$ cat start33.cif   # mmCIF, C-alpha atoms
data_final
loop_
_atom_site.label_atom_id
_atom_site.label_comp_id
_atom_site.auth_asym_id
_atom_site.auth_seq_id
_atom_site.Cartn_x
_atom_site.Cartn_y
_atom_site.Cartn_z
CA MET A 96 87.73 108.03 93.32
CA PHE A 97 84.45 107.31 95.10
CA ARG A 98 83.07 109.18 98.09
CA HIS A 99 84.16 107.80 101.44
CA ASN A 100 82.40 104.49 102.20
CA ASP A 101 79.65 105.45 99.71
CA LEU A 102 78.73 102.20 97.99
CA ALA A 103 75.99 103.86 95.91
CA HIS A 104 78.50 106.29 94.43
CA LEU A 105 80.95 103.45 93.76
CA ARG A 106 78.20 101.57 91.94
CA GLU A 107 77.52 104.62 89.77
CA LEU A 108 81.18 104.80 88.76
CA LEU A 109 81.39 101.08 88.04
CA GLU A 110 78.22 101.18 85.95
CA ALA A 111 79.57 104.11 83.92
CA ASP A 112 82.88 102.38 83.21
CA ASP A 113 83.75 99.93 80.45
CA ARG A 114 82.57 96.54 81.71
CA SER A 115 85.57 94.83 80.11
CA ALA A 116 88.18 97.17 81.61
CA PRO A 117 90.29 95.79 84.46
CA LYS A 118 89.14 97.15 87.83
CA LEU A 119 90.59 97.16 91.32
CA ILE A 120 88.64 98.49 94.33
CA ALA A 121 90.96 99.60 97.12
CA ILE A 122 89.81 100.48 100.64
CA GLU A 123 91.07 100.48 104.19
CA SER A 124 89.45 98.15 106.69
CA LEU A 125 89.96 100.72 109.45
CA TYR A 126 90.58 104.37 108.66
CA SER A 127 93.17 105.86 110.94
CA MET A 128 92.00 109.47 111.21
CA ASP A 129 88.33 108.97 112.16
CA GLY A 130 88.57 105.36 113.31
CA ASP A 131 85.71 104.20 111.09
CA PHE A 132 85.46 100.84 109.33
CA GLY A 133 85.34 100.16 105.62
CA PRO A 134 82.26 98.34 104.22
CA ILE A 135 84.17 95.22 103.21
CA GLU A 136 81.14 92.99 102.55
CA GLY A 137 79.50 95.60 100.32
CA ILE A 138 82.75 96.17 98.45
CA CYS A 139 83.11 92.44 97.82
CA ASP A 140 79.50 92.26 96.59
CA LEU A 141 80.15 95.03 94.04
CA ALA A 142 83.48 93.49 93.02
CA GLU A 143 81.81 90.18 92.26
CA GLU A 144 79.04 91.91 90.31
CA PHE A 145 81.43 94.01 88.20
CA ASP A 146 84.32 91.52 88.01
CA ALA A 147 86.77 93.69 89.98
CA ILE A 148 89.76 92.81 92.14
CA THR A 149 89.51 93.80 95.81
CA TYR A 150 92.37 95.30 97.82
CA VAL A 151 91.97 95.86 101.57
CA ASP A 152 94.54 97.73 103.66
CA GLU A 153 94.49 96.24 107.17
CA VAL A 154 97.43 98.25 108.52
CA HIS A 155 95.47 99.77 111.42
CA ALA A 156 93.61 96.56 112.26
CA VAL A 157 96.04 93.62 112.20
CA GLY A 158 96.79 92.18 115.59
CA MET A 159 93.79 93.97 117.08
CA TYR A 160 90.73 92.58 115.25
CA GLY A 161 89.62 89.15 114.15
CA ARG A 162 89.64 85.87 116.06
CA ARG A 163 93.40 85.48 115.52
CA GLY A 164 94.27 89.12 115.01
CA SER A 165 94.38 89.00 111.22
CA GLY A 166 92.13 92.03 110.81
CA VAL A 167 88.63 93.33 110.18
CA ALA A 168 88.06 91.25 107.04
CA ALA A 169 88.49 88.10 109.10
CA ARG A 170 86.41 89.52 111.96
CA ASP A 171 83.56 90.13 109.49
CA TRP A 172 84.02 86.71 107.82
CA GLN A 173 84.96 88.34 104.51
CA ALA A 174 88.68 87.57 104.23
CA HIS A 175 88.11 84.70 101.80
CA ARG A 176 86.40 87.14 99.41
CA VAL A 177 89.25 89.68 99.35
CA ASP A 178 91.88 89.26 96.62
CA ILE A 179 94.71 91.25 98.22
CA ILE A 180 95.20 92.12 101.90
CA ASN A 181 98.16 94.16 103.06
CA GLY A 182 99.23 94.67 106.63
CA THR A 183 102.08 95.92 108.77
CA LEU A 184 104.48 94.37 111.22
CA ALA A 185 104.71 97.70 113.04
CA LYS A 186 101.84 99.25 115.08
CA ALA A 187 100.20 96.35 116.97
CA TYR A 188 103.10 93.97 116.28
CA GLY A 189 105.65 96.51 117.47
CA VAL A 190 108.44 95.75 115.01
CA MET A 191 108.74 96.95 111.39
CA GLY A 192 108.04 95.79 107.86
CA GLY A 193 104.85 94.62 106.22
CA TYR A 194 103.25 91.90 104.18
CA VAL A 195 100.79 91.14 101.39
CA ALA A 196 98.43 88.18 101.60
CA ALA A 197 97.10 87.07 98.22
CA SER A 198 97.18 84.19 95.77
CA ALA A 199 100.54 82.72 94.77
CA ARG A 200 100.21 84.22 91.28
CA MET A 201 99.40 87.67 92.65
CA CYS A 202 102.37 87.56 95.02
CA ASP A 203 104.65 86.48 92.16
CA ALA A 204 103.40 89.43 90.09
CA LEU A 205 104.16 91.83 92.93
CA ARG A 206 107.63 90.38 93.38
CA SER A 207 108.32 90.88 89.68
CA TYR A 208 106.72 94.26 88.99
CA ALA A 209 106.27 96.30 92.20
CA PRO A 210 109.04 98.96 92.37
CA GLY A 211 108.55 99.42 96.11
CA PHE A 212 109.43 95.77 96.63
CA ILE A 213 112.14 95.44 94.00
CA PHE A 214 114.15 98.44 95.20
CA THR A 215 114.18 97.62 98.90
CA THR A 216 116.09 95.25 101.14
CA SER A 217 114.91 92.30 103.18
CA LEU A 218 114.29 92.55 106.90
CA ALA A 219 117.22 91.83 109.19
CA PRO A 220 117.00 88.35 110.75
CA ALA A 221 116.55 89.75 114.25
CA ILE A 222 113.63 91.91 113.10
CA ALA A 223 112.06 89.00 111.22
CA ALA A 224 112.36 86.85 114.34
CA GLY A 225 110.77 89.54 116.48
CA ALA A 226 107.91 89.98 114.05
CA THR A 227 107.34 86.23 113.93
CA ALA A 228 107.19 86.09 117.72
CA SER A 229 104.74 89.01 117.86
CA VAL A 230 102.43 87.40 115.32
CA ARG A 231 102.58 84.08 117.17
CA ILE A 232 101.70 85.73 120.49
CA LEU A 233 98.83 87.85 119.20
CA LYS A 234 97.30 84.99 117.24
CA SER A 235 96.37 83.35 120.54
CA ASP A 236 95.97 86.36 122.86
CA GLN A 237 92.30 87.38 122.62
CA ALA A 238 92.46 88.74 126.17
CA ARG A 239 94.89 91.41 125.03
CA ARG A 240 92.58 92.42 122.17
CA ASP A 241 89.64 92.58 124.54
CA ARG A 242 91.66 94.73 126.92
CA LEU A 243 92.48 97.13 124.09
CA GLN A 244 88.78 97.70 123.39
CA VAL A 245 88.05 98.17 127.10
CA GLN A 246 90.79 100.79 127.39
CA ALA A 247 89.50 102.67 124.34
CA ASN A 248 85.94 102.68 125.67
CA VAL A 249 87.08 103.89 129.09
CA LEU A 250 89.07 106.72 127.50
CA LYS A 251 86.12 107.79 125.35
CA THR A 252 83.82 107.80 128.36
CA ARG A 253 86.24 109.87 130.44
CA LEU A 254 86.82 112.38 127.63
CA ARG A 255 83.09 112.76 127.03
CA ALA A 256 82.61 113.43 130.74
CA LEU A 257 84.94 116.40 130.32
CA GLY A 258 82.87 117.67 127.39
CA LEU A 259 85.69 117.19 124.89
CA PRO A 260 84.54 116.67 121.28
CA LEU A 261 85.58 113.27 119.96
CA ILE A 262 84.74 110.92 117.12
CA ASP A 263 83.56 107.42 118.02
CA HIS A 264 83.02 104.77 115.36
CA GLY A 265 83.47 101.85 117.75
CA SER A 266 87.17 101.27 117.09
CA HIS A 267 90.22 101.67 119.32
CA ILE A 268 91.17 104.96 117.65
CA VAL A 269 90.10 108.00 119.70
CA PRO A 270 90.29 111.31 117.77
CA VAL A 271 89.71 114.43 119.91
CA ILE A 272 88.76 117.35 117.67
CA VAL A 273 90.54 120.62 118.46
CA GLY A 274 89.54 122.40 115.24
CA ASP A 275 92.50 124.78 115.08
CA PRO A 276 96.05 123.98 113.93
CA VAL A 277 97.79 126.35 116.34
CA HIS A 278 96.01 125.02 119.40
CA THR A 279 96.46 121.43 118.23
CA LYS A 280 100.24 121.87 118.05
CA LEU A 281 100.23 123.78 121.35
CA LEU A 282 98.30 121.04 123.13
CA SER A 283 100.65 118.40 121.76
CA ASP A 284 103.71 120.36 122.89
CA MET A 285 102.35 121.00 126.39
CA LEU A 286 101.27 117.40 126.86
CA LEU A 287 104.82 116.30 126.15
CA GLU A 288 106.77 119.07 127.87
CA ASP A 289 104.60 119.52 130.97
CA HIS A 290 103.04 116.08 131.44
CA GLY A 291 105.34 113.59 129.70
CA ILE A 292 102.55 112.43 127.36
CA TYR A 293 103.38 112.01 123.67
CA VAL A 294 100.58 112.45 121.14
CA GLN A 295 101.07 113.80 117.64
CA PRO A 296 99.16 116.86 116.39
CA ILE A 297 97.23 116.07 113.20
CA ASN A 298 96.62 119.05 110.94
CA TYR A 299 95.81 119.78 107.29
CA PRO A 300 96.43 118.21 104.78
CA THR A 301 96.21 114.93 106.72
CA VAL A 302 92.70 115.98 107.81
CA PRO A 303 90.41 118.73 106.44
CA ARG A 304 90.84 122.24 107.81
CA GLY A 305 88.65 122.80 110.82
CA THR A 306 88.97 119.18 111.96
CA GLU A 307 92.50 119.35 113.38
CA ARG A 308 92.84 116.82 116.17
CA LEU A 309 94.80 114.85 118.69
CA ARG A 310 94.50 111.13 118.04
CA PHE A 311 94.82 108.80 121.01
CA THR A 312 95.29 105.04 120.78
CA PRO A 313 95.33 103.56 124.29
CA SER A 314 97.08 100.22 124.59
CA PRO A 315 96.26 97.16 126.69
CA VAL A 316 99.18 97.93 128.98
CA HIS A 317 98.20 101.50 129.85
CA GLY A 318 97.16 101.30 133.51
CA GLN A 319 94.59 103.21 135.53
CA ASP A 320 97.22 105.70 136.70
CA ASP A 321 98.22 106.42 133.08
CA MET A 322 94.60 107.07 132.16
CA GLU A 323 94.05 109.34 135.15
CA HIS A 324 97.20 111.30 134.35
CA LEU A 325 96.06 111.85 130.75
CA ILE A 326 92.52 112.88 131.71
CA LYS A 327 93.73 115.43 134.26
CA ALA A 328 96.22 116.85 131.76
CA MET A 329 93.61 117.18 129.00
CA ASP A 330 91.15 118.83 131.36
CA ALA A 331 93.71 121.39 132.49
CA LEU A 332 95.11 122.14 129.06
CA TRP A 333 91.67 122.41 127.42
CA SER A 334 90.79 125.09 129.97
CA HIS A 335 94.20 126.76 129.57
CA CYS A 336 93.62 127.11 125.80
CA GLU A 337 90.02 128.24 126.39
CA LEU A 338 88.64 125.67 123.96
CA ASN A 339 84.94 124.92 123.67
CA ARG A 340 83.35 122.00 125.47
CA SER A 341 80.07 120.28 124.76
CA ASP A 342 77.09 120.72 127.06
CA LEU A 343 77.79 118.30 129.90
CA SER A 344 74.08 118.23 130.82
CA ALA A 345 73.07 116.94 127.38
#
$ encode --input "start33.cif" --output "structure tokens"
Amino acid sequence: MFRHNDLAHLRELLEADDRSAPKLIAIESLYSMDGDFGPIEGICDLAEEFDAITYVDEVHAVGMYGRRGSGVAARDWQAHRVDIINGTLAKAYGVMGGYVAASARMCDALRSYAPGFIFTTSLAPAIAAGATASVRILKSDQARRDRLQVQANVLKTRLRALGLPLIDHGSHIVPVIVGDPVHTKLLSDMLLEDHGIYVQPINYPTVPRGTERLRFTPSPVHGQDDMEHLIKAMDALWSHCELNRSDLSA
């Protein structure tokens, strides 16, 4: 285990290991809790230096990043250097299932030895058709990806204007830090019950204690009225729970 996105620490571990031992470096391209990006180019550089296999999880990025929606590795022109990429047909694609993109030999090995694949069933034809249609649409719909980023930036700006503490790493994921598990669950419940807004509370052990949060992911089809409704609800509920705000004059 190497410290989060710490390439220097990863290098230390690789240098201390047996050079002839098989190695696989696994990262996410986009981390779902903080919305930060993995250093794919640096990982590939180290993998080439130490003869390691690279594995990039693009679950939170496919459909939303890259020229054809294939993910952050493609956006950063690093996909050809990654040995294994896995993604989902849920989230941006709106269906279910997943996939692995790798060499033919690697895919054959997974088919033969991966218990999660062996002991499952294939997708129903209707689901496979829906997933295929979603992929086809998003491959050519850059306007929808652009709209997603605009919506995320608007939401961040509006939340900052209220003085609400959020994390911004430049992705579409908008985590608002509550910092208390009871209030996080309470806010989630009141948003749903009183305002018809569904957002999951995220508490320990998913995130460290003291960083409990509500995680928003605005979509391209959320309109101005939806945004206004959410902002007004968050403003009212933040005051109702007497939670701290940042200095709006800063």
$ axis_aligned_box --input "start33.cif" --around "stretch 200-218 of chain A" --padding-each-side "4 Å" --output "AutoDock Vina command-line options"
--center_x 107.7 --center_y 91.8 --center_z 97.9 --size_x 24.7 --size_y 23.2 --size_z 25.9
$ resolve_selection --input "start33.cif" --expression "the PyMOL selection byres ((chain A and resi 328-339) around 10)" --output "JSON, numbers by chain"
{"A": [254, 257, 258, 259, 260, 273, 274, 275, 278, 279, 281, 282, 283, 285, 286, 289, 290, 291, 292, 322, 323, 324, 325, 326, 327, 340, 341, 342]}
$ resolve_selection --input "start33.cif" --expression "the PyMOL selection byres ((chain A and resi 267) around 6)" --output "PyMOL selection string"
chain A and resi 244+247+266+268
$ residues_around --input "start33.cif" --residues "A:Thr301" --least-positions-apart "4" --cutoff "9 Å" --atoms "only C-alpha atoms" --output "list in words"
Met128, Ile297 and Glu307 of chain A
$ write_last_selection --input "start33.cif" --atoms "C-alpha atoms" --output "short mmCIF file (atom, residue, chain, number, x, y, z; two decimals), in the frame of the given file"
data_model
loop_
_atom_site.label_atom_id
_atom_site.label_comp_id
_atom_site.auth_asym_id
_atom_site.auth_seq_id
_atom_site.Cartn_x
_atom_site.Cartn_y
_atom_site.Cartn_z
CA MET A 128 92.00 109.47 111.21
CA ILE A 297 97.23 116.07 113.20
CA GLU A 307 92.50 119.35 113.38
#
$ resolve_selection --input "start33.cif" --expression "the PyMOL selection byres ((chain A and resi 243) around 8)" --output "compact mmCIF listing (two decimals) with C-alpha atoms, keeping the file's coordinate frame"
# COMPACT_ATOMS: atom_id res chain seq x y z
CA MET A 159 93.79 93.97 117.08
CA ARG A 239 94.89 91.41 125.03
CA ARG A 240 92.58 92.42 122.17
CA ASP A 241 89.64 92.58 124.54
CA ARG A 242 91.66 94.73 126.92
CA GLN A 244 88.78 97.70 123.39
CA VAL A 245 88.05 98.17 127.10
CA GLN A 246 90.79 100.79 127.39
CA ALA A 247 89.50 102.67 124.34
CA HIS A 267 90.22 101.67 119.32
CA PRO A 313 95.33 103.56 124.29
CA SER A 314 97.08 100.22 124.59
CA PRO A 315 96.26 97.16 126.69
$ closest_residue --input "start33.cif" --among "A:Ala199, A:Ile122, A:Ala209, A:Val269" --to "A:Val151" --atoms "only C-alpha atoms"
A:Ile122
$ closest_residue --input "start33.cif" --among "A:His264, A:Arg200, A:Arg162, A:Lys251" --to "A:Asp131" --atoms "all atoms listed in the file"
A:His264
$ residues_around --input "start33.cif" --residues "A:Val157" --least-positions-apart "4" --cutoff "7 Å" --atoms "only C-alpha atoms" --output "PyMOL selection string"
chain A and resi 153+164-166+182+187
$ closest_residue --input "start33.cif" --among "A:Ile120, A:Val190, A:Ile179, A:Leu218" --to "A:Leu205" --atoms "only C-alpha atoms"
A:Ile179
$ atom_distance --input "start33.cif" --atom1 "atom CA of A:Lys118" --atom2 "atom CA of A:Met201"
14.8 Å
$ atom_distance --input "start33.cif" --atom1 "atom CA of A:Asn100" --atom2 "atom CA of A:His155"
16.7 Å
$ closest_residue --input "start33.cif" --among "A:Ile213, A:Arg163, A:Ser115, A:Arg176" --to "A:Ile232" --atoms "only C-alpha atoms"
A:Arg163
$ atom_distance --input "start33.cif" --atom1 "atom CA of A:Gly265" --atom2 "atom CA of A:Arg170"
13.9 Å
$ closest_residue --input "start33.cif" --among "A:Phe145, A:Val154, A:Gly133, A:Pro220" --to "A:Glu107" --atoms "all atoms listed in the file"
A:Phe145
$ closest_residue --input "start33.cif" --among "A:Ile135, A:Ala156, A:Ala185, A:Leu141" --to "A:Asp171" --atoms "all atoms listed in the file"
A:Ile135
